[in-house]
>>> print(open('input.txt').read())   # compact mmCIF, C-alpha atoms
# COMPACT_ATOMS: atom_id res chain seq x y z
CA MET A 143 159.33 54.56 60.93
CA LYS A 144 159.55 54.56 57.15
CA ILE A 145 160.51 51.24 55.58
CA ASP A 146 161.29 50.63 51.93
CA THR A 147 158.23 49.25 50.11
CA ARG A 148 160.22 46.39 48.61
CA PHE A 149 161.20 45.17 52.06
CA LYS A 150 157.62 45.50 53.28
CA LEU A 151 156.50 43.29 50.40
CA ILE A 152 159.09 40.64 51.24
CA ILE A 153 158.22 40.76 54.95
CA PHE A 154 154.53 40.53 54.04
CA PHE A 155 155.03 37.29 52.11
CA VAL A 156 157.38 35.87 54.78
CA MET A 157 154.93 36.62 57.59
CA ASN A 158 152.02 35.16 55.59
CA LEU A 159 154.02 31.95 55.19
CA CYS A 160 154.50 31.90 58.94
CA ILE A 161 150.88 32.78 59.79
CA PHE A 162 149.32 29.97 57.75
CA GLY A 163 151.84 27.51 59.20
CA MET A 164 151.02 28.39 62.82
CA LYS A 165 147.43 27.34 63.46
CA ASP A 166 147.63 26.41 67.14
CA ILE A 167 146.90 28.97 69.86
CA ILE A 168 150.41 29.44 71.30
CA LEU A 169 152.40 29.71 68.07
CA GLY A 170 149.61 31.65 66.37
CA SER A 171 149.61 34.15 69.24
CA LEU A 172 153.38 34.55 69.00
CA CYS A 173 153.07 35.15 65.26
CA PHE A 174 150.34 37.73 65.85
CA LEU A 175 152.54 39.40 68.47
CA GLY A 176 155.30 39.81 65.88
CA VAL A 177 152.87 41.42 63.44
CA CYS A 178 151.66 43.77 66.21
CA ILE A 179 155.23 44.88 66.99
CA PHE A 180 155.93 45.52 63.31
CA SER A 181 152.70 47.54 62.96
CA LEU A 182 153.49 49.56 66.09
CA ILE A 183 156.89 50.46 64.67
CA MET A 184 155.12 51.61 61.50
CA GLY A 185 152.88 53.88 63.60
CA GLU A 186 149.58 51.95 63.41
CA LYS A 187 148.72 52.08 67.14
CA LYS A 188 144.96 52.45 66.67
CA ASN A 189 144.69 49.47 64.32
CA VAL A 190 146.88 47.35 66.59
CA ARG A 191 144.58 48.03 69.54
CA ARG A 192 141.49 47.21 67.47
CA TYR A 193 142.83 43.93 66.09
CA PHE A 194 144.35 42.96 69.44
CA VAL A 195 140.95 43.22 71.13
CA ILE A 196 139.37 41.11 68.37
CA PHE A 197 142.12 38.50 68.71
CA ILE A 198 141.64 38.28 72.49
CA ILE A 199 137.88 37.82 71.98
CA LEU A 200 138.55 34.97 69.54
CA LEU A 201 140.92 33.35 72.04
CA LEU A 202 138.26 33.53 74.75
CA ILE A 203 135.74 32.00 72.36
CA SER A 204 138.20 29.19 71.56
CA TYR A 205 138.56 28.34 75.24
CA GLY A 206 134.93 28.98 76.19
CA CYS A 207 133.39 26.79 73.51
CA ARG A 208 134.91 23.67 75.11
CA ILE A 209 132.00 23.50 77.55
CA LEU A 210 129.51 23.28 74.70
CA PRO A 211 128.25 20.07 73.03
CA SER A 212 130.77 18.49 70.68
CA GLY A 213 128.94 19.36 67.44
CA LEU A 214 128.47 23.02 68.32
CA MET A 215 131.99 23.19 69.74
CA SER A 216 133.45 21.95 66.44
CA ILE A 217 131.59 24.58 64.40
CA ILE A 218 132.56 27.46 66.71
CA SER A 219 136.17 26.22 66.90
CA ILE A 220 136.48 26.21 63.11
CA PHE A 221 135.22 29.78 62.82
CA SER A 222 137.40 30.99 65.69
CA LEU A 223 140.43 29.28 64.12
CA LEU A 224 139.70 30.94 60.79
CA GLY A 225 139.43 34.30 62.54
CA ARG A 226 142.68 33.82 64.48
CA VAL A 227 144.52 32.93 61.28
CA MET A 228 143.10 35.86 59.29
CA ILE A 229 143.48 38.56 61.99
CA PRO A 230 147.32 38.83 61.62
CA VAL A 231 146.98 38.86 57.83
CA ALA A 232 144.34 41.62 58.02
CA LEU A 233 146.46 43.68 60.43
CA PHE A 234 149.57 43.40 58.26
CA ALA A 235 147.59 44.23 55.11
CA THR A 236 146.00 47.25 56.82
CA THR A 237 149.39 48.49 57.97
CA PHE A 238 150.84 47.98 54.50
CA ILE A 239 148.02 49.86 52.77
CA ASN A 240 148.02 52.75 55.25
CA THR A 241 151.78 53.28 55.01
CA THR A 242 152.22 52.77 51.26
CA THR A 243 150.98 54.83 48.35
CA VAL A 244 149.98 53.21 45.08
CA GLY A 245 152.88 54.95 43.32
CA GLU A 246 155.38 53.51 45.81
CA LEU A 247 153.85 50.06 45.42
CA VAL A 248 154.02 50.12 41.62
CA THR A 249 157.58 51.46 41.65
CA ALA A 250 158.66 48.79 44.14
CA MET A 251 157.14 45.99 42.08
CA TYR A 252 158.85 47.23 38.92
CA LYS A 253 162.14 47.53 40.86
CA MET A 254 161.72 43.89 41.88
CA HIS A 255 161.32 42.99 38.17
CA MET A 256 157.85 41.54 38.59
CA PRO A 257 155.87 40.80 35.41
CA LYS A 258 153.89 43.74 34.11
CA SER A 259 150.64 41.77 34.18
CA ILE A 260 151.02 41.16 37.93
CA VAL A 261 151.89 44.80 38.61
CA ILE A 262 148.86 46.08 36.68
CA THR A 263 146.49 43.60 38.35
CA PHE A 264 147.79 44.28 41.85
CA SER A 265 147.81 48.08 41.53
CA THR A 266 144.30 48.11 40.06
CA THR A 267 143.04 45.92 42.91
CA VAL A 268 144.59 48.23 45.49
CA ARG A 269 142.84 51.20 43.89
CA PHE A 270 139.53 49.35 43.54
CA PHE A 271 138.72 48.38 47.12
CA PRO A 272 139.10 51.81 48.82
CA THR A 273 136.78 53.25 46.17
CA LEU A 274 134.34 50.40 46.69
CA VAL A 275 134.27 51.09 50.46
CA GLU A 276 133.26 54.68 49.75
CA GLU A 277 130.52 53.48 47.44
CA ILE A 278 129.22 51.08 50.10
CA SER A 279 128.99 54.01 52.53
CA CYS A 280 127.03 56.04 49.98
CA VAL A 281 124.66 53.15 49.30
CA TYR A 282 124.03 52.68 53.01
CA ASP A 283 123.30 56.42 53.45
CA ALA A 284 120.76 56.21 50.62
CA MET A 285 119.17 53.14 52.22
CA ARG A 286 118.84 54.95 55.54
CA LEU A 287 117.03 57.83 53.84
CA ARG A 288 114.51 55.28 52.51
CA GLY A 289 114.11 53.69 55.96
CA LEU A 290 116.03 50.57 54.93
CA GLU A 291 118.91 50.70 57.41
CA PHE A 292 120.36 47.37 58.52
CA SER A 293 118.32 46.20 61.50
CA THR A 294 116.83 42.94 62.70
CA ARG A 295 113.34 44.17 61.95
CA ASN A 296 114.09 45.13 58.34
CA LEU A 297 116.05 41.93 57.69
CA LEU A 298 113.12 39.81 58.92
CA THR A 299 110.22 41.79 57.44
CA LYS A 300 111.79 43.06 54.19
CA PRO A 301 114.50 40.57 53.16
CA GLY A 302 113.82 40.89 49.42
CA ILE A 303 113.79 44.69 49.42
CA MET A 304 116.93 44.83 51.60
CA CYS A 305 118.77 42.46 49.26
CA GLU A 306 117.69 44.40 46.19
CA ALA A 307 118.54 47.80 47.69
CA THR A 308 122.01 46.57 48.66
CA LEU A 309 123.24 44.30 45.88
CA ILE A 310 121.97 46.04 42.74
CA PRO A 311 123.59 49.45 43.46
CA LEU A 312 126.84 47.75 44.52
CA VAL A 313 127.01 45.61 41.39
CA MET A 314 126.29 48.60 39.14
CA ARG A 315 128.82 50.82 40.94
CA SER A 316 131.46 48.05 40.89
CA ALA A 317 131.12 47.81 37.09
CA ASN A 318 131.42 51.59 36.78
CA ILE A 319 134.44 51.72 39.07
CA ALA A 320 136.21 49.00 37.07
CA GLU A 321 135.52 50.86 33.83
CA GLU A 322 136.74 54.18 35.27
CA LEU A 323 139.94 52.62 36.64
CA SER A 324 140.60 50.97 33.28
CA ALA A 325 140.17 54.27 31.42
CA SER A 326 142.39 56.04 33.97
CA ALA A 327 145.13 53.44 33.59
CA VAL A 328 145.08 53.65 29.78
CA THR A 329 145.19 57.45 29.94
CA ARG A 330 148.30 57.26 32.13
CA GLY A 331 150.01 55.04 29.55
CA ILE A 332 149.88 51.74 31.42
CA ASP A 333 149.90 49.83 28.10
CA ASN A 334 153.02 51.66 26.89
CA PRO A 335 155.59 48.95 25.99
CA SER A 336 158.61 51.15 26.80
CA GLU A 337 160.40 51.01 30.16
CA ARG A 338 158.56 52.76 32.97
CA THR A 339 160.17 55.70 34.78
CA SER A 340 159.26 57.08 38.20
CA ILE A 341 159.98 60.20 40.25
CA ILE A 342 159.96 58.05 43.41
CA GLU A 343 163.48 57.09 44.41
CA MET A 344 163.96 53.88 46.37
CA LYS A 345 167.19 53.10 48.15
CA ALA A 346 167.67 50.37 50.73
CA LYS A 347 168.85 51.58 54.14
CA THR A 348 170.50 49.77 57.02
CA THR A 349 167.22 49.78 58.96
CA ASP A 350 165.46 48.06 56.06
CA TRP A 351 167.94 45.20 56.04
CA LEU A 352 167.74 45.03 59.83
CA PHE A 353 163.93 44.70 59.80
CA LEU A 354 164.07 42.03 57.10
CA SER A 355 166.72 40.07 59.01
CA VAL A 356 164.74 40.25 62.28
CA ALA A 357 161.55 39.10 60.49
CA ILE A 358 163.29 36.10 58.88
CA VAL A 359 165.00 35.13 62.16
CA TYR A 360 161.69 35.40 64.04
CA VAL A 361 159.89 33.23 61.48
CA CYS A 362 162.65 30.62 61.61
CA PHE A 363 162.45 30.68 65.42
CA LEU A 364 158.68 30.01 65.32
CA PHE A 365 159.10 27.12 62.90
CA TYR A 366 161.85 25.73 65.14
CA LEU A 367 159.46 25.90 68.12
CA LYS A 368 156.83 24.13 66.06
CA TYR A 369 159.36 21.42 65.20
CA LEU A 370 160.30 21.00 68.87
CA ILE A 371 156.67 20.72 69.98
CA TYR A 372 155.11 18.61 67.27
CA GLY A 373 158.25 16.77 66.22
CA ARG A 374 158.75 15.26 69.68
CA ILE A 375 155.06 14.50 69.99
CA ALA A 376 155.15 12.72 66.61
CA TRP A 377 158.23 10.70 67.63
CA GLN A 378 156.50 9.54 70.80
>>> encode(input="input.txt", output="structure tokens")
Amino acid sequence: MKIDTRFKLIIFFVMNLCIFGMKDIILGSLCFLGVCIFSLIMGEKKNVRRYFVIFIILLLISYGCRILPSGLMSIISIFSLLGRVMIPVALFATTFINTTTVGELVTAMYKMHMPKSIVITFSTTVRFFPTLVEEISCVYDAMRLRGLEFSTRNLLTKPGIMCEATLIPLVMRSANIAEELSASAVTRGIDNPSERTSIIEMKAKTTDWLFLSVAIVYVCFLFYLKYLIYGRIAWQ
């Protein structure tokens, strides 16, 4: 289902507020469930399955580490908590990126009257990371041709060469990508002080308002549950 980009941005910030406020297992799982339902509606079934499996593994680790010594249990619990908090954010961000073009994102941000500096920074960042992922794949292919693929043996016997073969090409390519994106943005008139126009038309539909309303009600419901649980415990 196609949802207006402006509403996806608002839901993204609302859900992030909810995610970082729900750090326990029950409420965090309910929050993750809401993100999964939203992503399924947007057509991201494969990503939902992948992140759902990872989330279940983290839950099992959270419960399983209780039999370990207290020091080791604390370390593993912290990392599993960090993973459980970041998994919903990563799933929502993946869904947002896969269902939104850069042009739609820029148009939506201008429609929401965001400062031009924020729009330029955000759109450049969105363009940067997919290109960087492609460069990482190319670097890894070149390393494999030289017999420097990532393996336990190479990491133990050739740590310096592995670090050099990985970091130096990535740093150089990152600088080149940033320069190319900057030149592309200037060529397209990103520094033009006049008002920006767009061929992309955005018009809010009933379904957009419905999704936003459901998301806000769901977030309020989760915070109400948190108040019932921890508020009564605090009063006792």
>>> residues_around(input="input.txt", residues="A:Cys305", least_positions_apart="6", cutoff="12 Å", atoms="only C-alpha atoms", output="PyMOL selection string")
chain A and resi 285+290-292+296-299+311-313
>>> closest_residue(input="input.txt", among="A:Arg226, A:Arg192, A:Lys345, A:Lys150", to="A:Gly170", atoms="all atoms listed in the file")
A:Arg226
>>> atom_distance(input="input.txt", atom1="atom CA of A:Met164", atom2="atom CA of A:Lys368")
7.9 Å
>>> residues_around(input="input.txt", residues="A:Phe180", least_positions_apart="2", cutoff="10 Å", atoms="only C-alpha atoms", output="ChimeraX atom specification")
/A:143,153,174-178,182-186,190,234,237,353,357
>>> residues_around(input="input.txt", residues="A:Thr267", least_positions_apart="2", cutoff="12 Å", atoms="only C-alpha atoms", output="PyMOL selection string")
chain A and resi 239+244+247-248+260-265+269-274+316+319-320+323-324
>>> residues_around(input="input.txt", residues="A:Leu364", least_positions_apart="2", cutoff="8 Å", atoms="all atoms listed in the file", output="ChimeraX atom specification")
/A:160,169,172-173,360-362,366-368
>>> atom_distance(input="input.txt", atom1="atom CA of A:Ile209", atom2="atom CA of A:Pro230")
26.9 Å
>>> atom_distance(input="input.txt", atom1="atom CA of A:Phe363", atom2="atom CA of A:Leu200")
24.6 Å
>>> closest_residue(input="input.txt", among="A:Ile278, A:Ala235, A:Leu309, A:Val328", to="A:Met157", atoms="all atoms listed in the file")
A:Ala235
>>> closest_residue(input="input.txt", among="A:Ile167, A:Ala307, A:Ile220, A:Ile229", to="A:Tyr193", atoms="all atoms listed in the file")
A:Ile229
>>> closest_residue(input="input.txt", among="A:Leu151, A:Val281, A:Leu159, A:Val227", to="A:Ile310", atoms="all atoms listed in the file")
A:Val281
>>> closest_residue(input="input.txt", among="A:Asn189, A:Ser171, A:Thr243, A:Thr236", to="A:Ile342", atoms="all atoms listed in the file")
A:Thr243
>>> residues_around(input="input.txt", residues="A:Met344", least_positions_apart="5", cutoff="12 Å", atoms="all atoms listed in the file", output="short mmCIF file (atom, residue, chain, number, x, y, z; two decimals) with C-alpha atoms, keeping the file's coordinate frame")
data_model
loop_
_atom_site.label_atom_id
_atom_site.label_comp_id
_atom_site.auth_asym_id
_atom_site.auth_seq_id
_atom_site.Cartn_x
_atom_site.Cartn_y
_atom_site.Cartn_z
CA LYS A 144 159.55 54.56 57.15
CA ILE A 145 160.51 51.24 55.58
CA ASP A 146 161.29 50.63 51.93
CA THR A 147 158.23 49.25 50.11
CA ARG A 148 160.22 46.39 48.61
CA PHE A 149 161.20 45.17 52.06
CA GLY A 245 152.88 54.95 43.32
CA GLU A 246 155.38 53.51 45.81
CA LEU A 247 153.85 50.06 45.42
CA VAL A 248 154.02 50.12 41.62
CA THR A 249 157.58 51.46 41.65
CA ALA A 250 158.66 48.79 44.14
CA MET A 251 157.14 45.99 42.08
CA TYR A 252 158.85 47.23 38.92
CA LYS A 253 162.14 47.53 40.86
CA MET A 254 161.72 43.89 41.88
CA ASP A 350 165.46 48.06 56.06
#
>>> closest_residue(input="input.txt", among="A:Asp283, A:Lys187, A:Met215, A:Glu306", to="A:Asn240", atoms="all atoms listed in the file")
A:Lys187
>>> decode(input="input.txt", residues="stretch 192-205 of chain A", atoms="all heavy atoms", output="short mmCIF file (atom, residue, chain, number, x, y, z; two decimals), in the first residue's frame")
data_model
loop_
_atom_site.label_atom_id
_atom_site.label_comp_id
_atom_site.auth_asym_id
_atom_site.auth_seq_id
_atom_site.Cartn_x
_atom_site.Cartn_y
_atom_site.Cartn_z
N ARG A 192 13.13 -11.52 8.04
CA ARG A 192 14.55 -11.50 8.44
C ARG A 192 14.72 -10.85 9.82
O ARG A 192 15.38 -11.41 10.71
CB ARG A 192 15.36 -10.74 7.38
CG ARG A 192 16.85 -10.71 7.67
CD ARG A 192 17.59 -9.86 6.66
NE ARG A 192 17.42 -10.36 5.31
CZ ARG A 192 16.82 -9.70 4.33
NH1 ARG A 192 16.33 -8.49 4.56
NH2 ARG A 192 16.71 -10.21 3.13
N TYR A 193 14.12 -9.68 10.00
CA TYR A 193 14.27 -8.98 11.28
C TYR A 193 13.53 -9.70 12.40
O TYR A 193 13.95 -9.64 13.57
CB TYR A 193 13.78 -7.54 11.15
CG TYR A 193 14.75 -6.62 10.44
CD1 TYR A 193 14.56 -6.28 9.11
CD2 TYR A 193 15.85 -6.11 11.10
CE1 TYR A 193 15.45 -5.44 8.45
CE2 TYR A 193 16.74 -5.27 10.46
CZ TYR A 193 16.53 -4.94 9.13
OH TYR A 193 17.42 -4.11 8.48
N PHE A 194 12.43 -10.37 12.07
CA PHE A 194 11.68 -11.10 13.10
C PHE A 194 12.52 -12.25 13.65
O PHE A 194 12.54 -12.49 14.87
CB PHE A 194 10.37 -11.63 12.50
CG PHE A 194 9.46 -12.25 13.52
CD1 PHE A 194 8.64 -11.47 14.30
CD2 PHE A 194 9.41 -13.64 13.68
CE1 PHE A 194 7.80 -12.03 15.25
CE2 PHE A 194 8.58 -14.22 14.62
CZ PHE A 194 7.77 -13.41 15.41
N VAL A 195 13.21 -12.95 12.77
CA VAL A 195 14.08 -14.05 13.22
C VAL A 195 15.19 -13.51 14.11
O VAL A 195 15.51 -14.09 15.17
CB VAL A 195 14.66 -14.80 12.00
CG1 VAL A 195 15.74 -15.78 12.44
CG2 VAL A 195 13.56 -15.54 11.25
N ILE A 196 15.79 -12.39 13.71
CA ILE A 196 16.86 -11.80 14.52
C ILE A 196 16.33 -11.38 15.89
O ILE A 196 16.99 -11.58 16.92
CB ILE A 196 17.49 -10.60 13.79
CG1 ILE A 196 18.13 -11.04 12.47
CG2 ILE A 196 18.52 -9.91 14.67
CD1 ILE A 196 18.65 -9.91 11.63
N PHE A 197 15.13 -10.81 15.91
CA PHE A 197 14.55 -10.37 17.18
C PHE A 197 14.28 -11.55 18.10
O PHE A 197 14.53 -11.48 19.31
CB PHE A 197 13.24 -9.61 16.90
CG PHE A 197 12.69 -8.88 18.09
CD1 PHE A 197 13.19 -7.64 18.46
CD2 PHE A 197 11.68 -9.45 18.85
CE1 PHE A 197 12.68 -6.98 19.57
CE2 PHE A 197 11.16 -8.79 19.95
CZ PHE A 197 11.67 -7.55 20.32
N ILE A 198 13.77 -12.67 17.54
CA ILE A 198 13.51 -13.86 18.35
C ILE A 198 14.83 -14.40 18.92
O ILE A 198 14.89 -14.82 20.09
CB ILE A 198 12.81 -14.94 17.51
CG1 ILE A 198 11.40 -14.47 17.12
CG2 ILE A 198 12.73 -16.25 18.27
CD1 ILE A 198 10.48 -14.22 18.29
N ILE A 199 15.88 -14.39 18.11
CA ILE A 199 17.19 -14.86 18.60
C ILE A 199 17.67 -14.00 19.76
O ILE A 199 18.18 -14.50 20.77
CB ILE A 199 18.22 -14.86 17.45
CG1 ILE A 199 17.84 -15.92 16.41
CG2 ILE A 199 19.63 -15.12 17.98
CD1 ILE A 199 18.71 -15.89 15.17
N LEU A 200 17.49 -12.69 19.65
CA LEU A 200 17.90 -11.79 20.74
C LEU A 200 17.06 -12.02 22.00
O LEU A 200 17.59 -11.93 23.11
CB LEU A 200 17.77 -10.33 20.28
CG LEU A 200 18.77 -9.89 19.21
CD1 LEU A 200 18.44 -8.48 18.74
CD2 LEU A 200 20.20 -9.94 19.75
N LEU A 201 15.78 -12.33 21.83
CA LEU A 201 14.95 -12.65 22.99
C LEU A 201 15.43 -13.92 23.68
O LEU A 201 15.51 -13.99 24.91
CB LEU A 201 13.48 -12.81 22.56
CG LEU A 201 12.69 -11.54 22.26
CD1 LEU A 201 11.27 -11.89 21.87
CD2 LEU A 201 12.69 -10.60 23.46
N LEU A 202 15.77 -14.93 22.88
CA LEU A 202 16.27 -16.18 23.45
C LEU A 202 17.59 -15.95 24.18
O LEU A 202 17.84 -16.54 25.25
CB LEU A 202 16.45 -17.22 22.35
CG LEU A 202 15.15 -17.70 21.67
CD1 LEU A 202 15.47 -18.66 20.53
CD2 LEU A 202 14.21 -18.35 22.67
N ILE A 203 18.44 -15.09 23.61
CA ILE A 203 19.70 -14.77 24.28
C ILE A 203 19.43 -14.05 25.60
O ILE A 203 20.09 -14.32 26.62
CB ILE A 203 20.59 -13.91 23.36
CG1 ILE A 203 21.05 -14.73 22.15
CG2 ILE A 203 21.79 -13.36 24.12
CD1 ILE A 203 21.81 -13.93 21.13
N SER A 204 18.44 -13.15 25.61
CA SER A 204 18.12 -12.42 26.84
C SER A 204 17.68 -13.35 27.95
O SER A 204 18.04 -13.16 29.13
CB SER A 204 17.03 -11.38 26.55
OG SER A 204 17.47 -10.43 25.60
N TYR A 205 16.88 -14.36 27.60
CA TYR A 205 16.44 -15.32 28.61
C TYR A 205 17.53 -16.34 28.94
O TYR A 205 17.69 -16.73 30.09
CB TYR A 205 15.18 -16.05 28.12
CG TYR A 205 13.93 -15.24 28.25
CD1 TYR A 205 13.32 -14.69 27.13
CD2 TYR A 205 13.34 -15.01 29.50
CE1 TYR A 205 12.15 -13.94 27.24
CE2 TYR A 205 12.18 -14.26 29.62
CZ TYR A 205 11.59 -13.73 28.48
OH TYR A 205 10.45 -12.98 28.61
#
